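**Student:** Would you mind keeping the following structure in view while I ask a few things?
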Amino acid sequence: MKNRWEIAIGILGFLMLAVAHYIGLFVSPAEAMMGDVGRILYAHVPTAWVGLLTYLVAFIAAIGALLSGKAAWDALVEASVEVGLLLNAVLLIQGSLWAKPTWGVFWTWDPRLTTTAIMVVAFGVVLALRRQIDDPQRRLTISSVATIVAFVNVPIVYMSVKWWRTLHQNFSSPETVDPMMVIPLRLAAFGMLFISTAFVVRRWRIAMAGLRVDFEAPDLPAAPTPLKVED
């Protein structure tokens with residue numbers, strides 16, 4: 001089967017995710033302060049980690065596209081931004097579902113929530129620009145620059161819990177949580193990573209097929225000069 005490896009890694013990711021959530025729901029202890037509500041962290045945290053990592057791939061691809069001008073890098077920009085944006089949207093939905101029983105509201109203008117929402121808008125603009133520009137080289141240049149600008153917010157999102165007073169807890173480590181919480185969290189993180197990798201690769205192949213046509217299409221001849229009709 002063609003492209004079997006990405007299908008295999010996607011299936012492996014789903015299996016890892018299923019095992020991780022089984023352990024997280026039925027084996028791991030409840031979170032000390034939030035109780036069973038805290039079990040959503042096994043879905044929420046891996047989504048956040050992999051989402052930011054996918055945006056990092058988009059940032060690297062944008063630099064590669066600007067330096068090389070090649071369609072392969074441009075296709076990777078499109079693929080990774082789309083998958084990153086999907087994870088970003090899922091992250092906000094998960095966060096809202098977690099916020100309601102924990103903070104009493106679905107949304108509050110917490111620094112991390114606000115910067116994460118800005119991240120959706122910024123990378124959404126990248127995709128919008130790509131849809132509006134027909135010339136492949138111009139689209140490559142403008143969307144790559146837009147991706148790099150949008151990525152500036154990614155480290156801000158990550159560091160927001162340290163830089164500002166926020167409702168989100170500070171960074172945790174394996175030393176600060178129960179070992180039976182670390183195992184499903186890591187399994188879920190790698191599962192989400194494998195699934196997202198499969199999505200990015202599959203989307204890259206689709207984007208590459210379209211861009212190859214754009215980049216290889218011959219330039220249209222100039223319109224002929226209208227003939228002058230003398231009186």
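All residue names refer to the structure tokens as shown: chains lettered A, B, ... in order, residues numbered from 1 in each chain, ligands numbered from 1 in order.
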When you look at segment 176-189 of chain A with a cut-off of 7 Å (counting only C-alpha atoms), what residues show up, excluding the ones that are within fewer than 4 positions of it in the same chain? I need them as a list of chain:residue names.
**Tutor:**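 So the residues in contact are A:Met16, A:Leu17, A:Ala20, A:His21, A:Ile23, A:Gly24, A:Ser28, A:Tyr42, A:Pro46, A:Ser172, A:Leu193.
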**Student:** Those residues you just picked out, can you put them in a file as a PDB file, in the first residue's frame with N, CA and C atoms?
**Tutor:**
ATOM      1  N   MET A  16      -2.286   4.193  21.134  1.00  0.00           N
ATOM      2  CA  MET A  16      -1.615   4.754  22.306  1.00  0.00           C
ATOM      3  C   MET A  16      -2.540   5.696  23.059  1.00  0.00           C
ATOM      4  N   LEU A  17      -3.313   6.486  22.297  1.00  0.00           N
ATOM      5  CA  LEU A  17      -4.242   7.421  22.913  1.00  0.00           C
ATOM      6  C   LEU A  17      -5.333   6.665  23.686  1.00  0.00           C
ATOM      7  N   ALA A  20      -3.784   5.283  26.856  1.00  0.00           N
ATOM      8  CA  ALA A  20      -3.505   6.377  27.789  1.00  0.00           C
ATOM      9  C   ALA A  20      -4.771   6.840  28.490  1.00  0.00           C
ATOM     10  N   HIS A  21      -5.854   6.989  27.742  1.00  0.00           N
ATOM     11  CA  HIS A  21      -7.095   7.477  28.351  1.00  0.00           C
ATOM     12  C   HIS A  21      -7.751   6.424  29.237  1.00  0.00           C
ATOM     13  N   ILE A  23      -6.021   4.295  31.105  1.00  0.00           N
ATOM     14  CA  ILE A  23      -5.260   4.405  32.353  1.00  0.00           C
ATOM     15  C   ILE A  23      -5.634   5.678  33.088  1.00  0.00           C
ATOM     16  N   GLY A  24      -5.751   6.782  32.330  1.00  0.00           N
ATOM     17  CA  GLY A  24      -6.067   8.062  32.953  1.00  0.00           C
ATOM     18  C   GLY A  24      -7.436   8.080  33.608  1.00  0.00           C
ATOM     19  N   SER A  28      -5.301   5.711  37.059  1.00  0.00           N
ATOM     20  CA  SER A  28      -4.605   6.808  37.740  1.00  0.00           C
ATOM     21  C   SER A  28      -5.475   7.401  38.849  1.00  0.00           C
ATOM     22  N   TYR A  42      -5.291  14.613  30.568  1.00  0.00           N
ATOM     23  CA  TYR A  42      -4.675  13.623  29.681  1.00  0.00           C
ATOM     24  C   TYR A  42      -5.047  13.876  28.218  1.00  0.00           C
ATOM     25  N   PRO A  46      -1.646  17.090  26.239  1.00  0.00           N
ATOM     26  CA  PRO A  46      -1.007  16.634  24.994  1.00  0.00           C
ATOM     27  C   PRO A  46      -1.441  17.438  23.770  1.00  0.00           C
ATOM     28  N   SER A 172       4.486  21.805  35.574  1.00  0.00           N
ATOM     29  CA  SER A 172       4.685  20.637  36.429  1.00  0.00           C
ATOM     30  C   SER A 172       5.859  19.826  35.899  1.00  0.00           C
ATOM     31  N   LEU A 193       1.110  13.014  19.133  1.00  0.00           N
ATOM     32  CA  LEU A 193       2.196  13.377  18.222  1.00  0.00           C
ATOM     33  C   LEU A 193       2.161  12.512  16.967  1.00  0.00           C
TER      34      LEU A 193
END
**Student:** For a quick check of understanding, using only C-alpha atoms, which of A:Ile93, A:Leu167, A:Ile60, A:Ala99 has the smallest distance to Ala48 of chain A?
**Tutor:**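 Closest to Ala48 of chain A, using only C-alpha atoms: A:Ile93.
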**Student:** Contacts of Trp163 of chain A at 12 Å or less, counting only C-alpha atoms, minus same-chain residues fewer than 6 places along, as a PyMOL selection string?
**Tutor:** chain A and resi 111-112+155-157+170
**Student:** Within 6 Å of segment 70-76 of chain A, counting only C-alpha atoms, which residues show up once you throw out same-chain ones fewer than 2 positions away? Write them as a PDB file with C-alpha atoms, in the first residue's frame, please.
**Tutor:**
ATOM      1  CA  ALA A  61       8.954  25.325   7.004  1.00  0.00           C
ATOM      2  CA  GLY A  64      12.808  26.943   4.437  1.00  0.00           C
ATOM      3  CA  ALA A  65      10.279  28.229   1.908  1.00  0.00           C
ATOM      4  CA  SER A  68      14.681  28.000  -1.080  1.00  0.00           C
ATOM      5  CA  GLU A  78       0.110  24.858   4.567  1.00  0.00           C
ATOM      6  CA  ALA A  79      -0.133  21.359   6.058  1.00  0.00           C
ATOM      7  CA  SER A  80       1.358  22.157   9.455  1.00  0.00           C
ATOM      8  CA  LEU A 140       4.780  31.371  -0.810  1.00  0.00           C
ATOM      9  CA  TRP A 204       1.411  17.733   2.837  1.00  0.00           C
ATOM     10  CA  ALA A 207      -1.000  20.266  -0.820  1.00  0.00           C
ATOM     11  CA  MET A 208       2.091  19.199  -2.755  1.00  0.00           C
TER      12      MET A 208
END
**Student:** Using only C-alpha atoms, which of A:Val81, A:Leu92, A:Met159, A:Ile7 sits nearest Leu53 of chain A?
**Tutor:**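 Using only C-alpha atoms, Leu53 of chain A sits closest to A:Val81.
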**Student:** Tell me which of A:Val45, A:Val90, A:Ile11, A:Leu67 sits closest to His168 of chain A, counting only C-alpha atoms.
**Tutor:**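 Among the listed residues, A:Val45 lies closest to His168 of chain A.
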**Student:** For Val145 of chain A, which of A:Arg130, A:Lys162, A:Lys100, A:Arg205 is the closest residue, counting only C-alpha atoms?
**Tutor:** A:Arg130
**Student:** Do you have the atom CA of Ala43 of chain A-atom CA of Glu31 of chain A distance handy?
**Tutor:**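 Atom CA of Ala43 of chain A sits 14.3 Å away from atom CA of Glu31 of chain A.
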**Student:** Using DSSP secondary structure from the backbone, list all alpha helix (DSSP H) positions within segment 16-152 of chain A, as a PyMOL selection string.
**Tutor:** chain A and resi 16-26+41-68+71-103+111-132+136-151
**Student:** Can you list, as a PyMOL selection string, every protein, DNA or RNA residue that comes within 10 Å of Leu12 of chain A when you count only C-alpha atoms, leaving out same-chain residues fewer than 2 positions away?
**Tutor:** chain A and resi 6-10+14-18+190-192+194-195
**Student:** Atoms to include: C-alpha atoms. Write the selected residues as a PDB file, in the first residue's frame.
**Tutor:**
ATOM      1  CA  GLU A   6       1.884   7.360   7.747  1.00  0.00           C
ATOM      2  CA  ILE A   7      -1.240   5.216   8.032  1.00  0.00           C
ATOM      3  CA  ALA A   8       0.594   2.875  10.384  1.00  0.00           C
ATOM      4  CA  ILE A   9       1.881   5.675  12.580  1.00  0.00           C
ATOM      5  CA  GLY A  10      -1.613   7.188  12.723  1.00  0.00           C
ATOM      6  CA  PHE A  14      -4.839   6.164  18.143  1.00  0.00           C
ATOM      7  CA  LEU A  15      -4.017   2.922  19.990  1.00  0.00           C
ATOM      8  CA  MET A  16      -1.615   4.754  22.306  1.00  0.00           C
ATOM      9  CA  LEU A  17      -4.242   7.421  22.913  1.00  0.00           C
ATOM     10  CA  ALA A  18      -6.855   4.770  23.770  1.00  0.00           C
ATOM     11  CA  PHE A 190       3.191  10.497  21.963  1.00  0.00           C
ATOM     12  CA  GLY A 191      -0.126   9.190  20.662  1.00  0.00           C
ATOM     13  CA  MET A 192      -1.220  12.723  19.772  1.00  0.00           C
ATOM     14  CA  PHE A 194       1.927  10.310  15.974  1.00  0.00           C
ATOM     15  CA  ILE A 195      -1.647  11.138  14.937  1.00  0.00           C
TER      16      ILE A 195
END
**Student:** Report, in Å with one decimal, the straight-line distance from atom CA of Trp49 of chain A to atom CA of Val105 of chain A.
**Tutor:**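 Computing the Euclidean distance for atom CA of Trp49 of chain A and atom CA of Val105 of chain A yields 23.8 Å.
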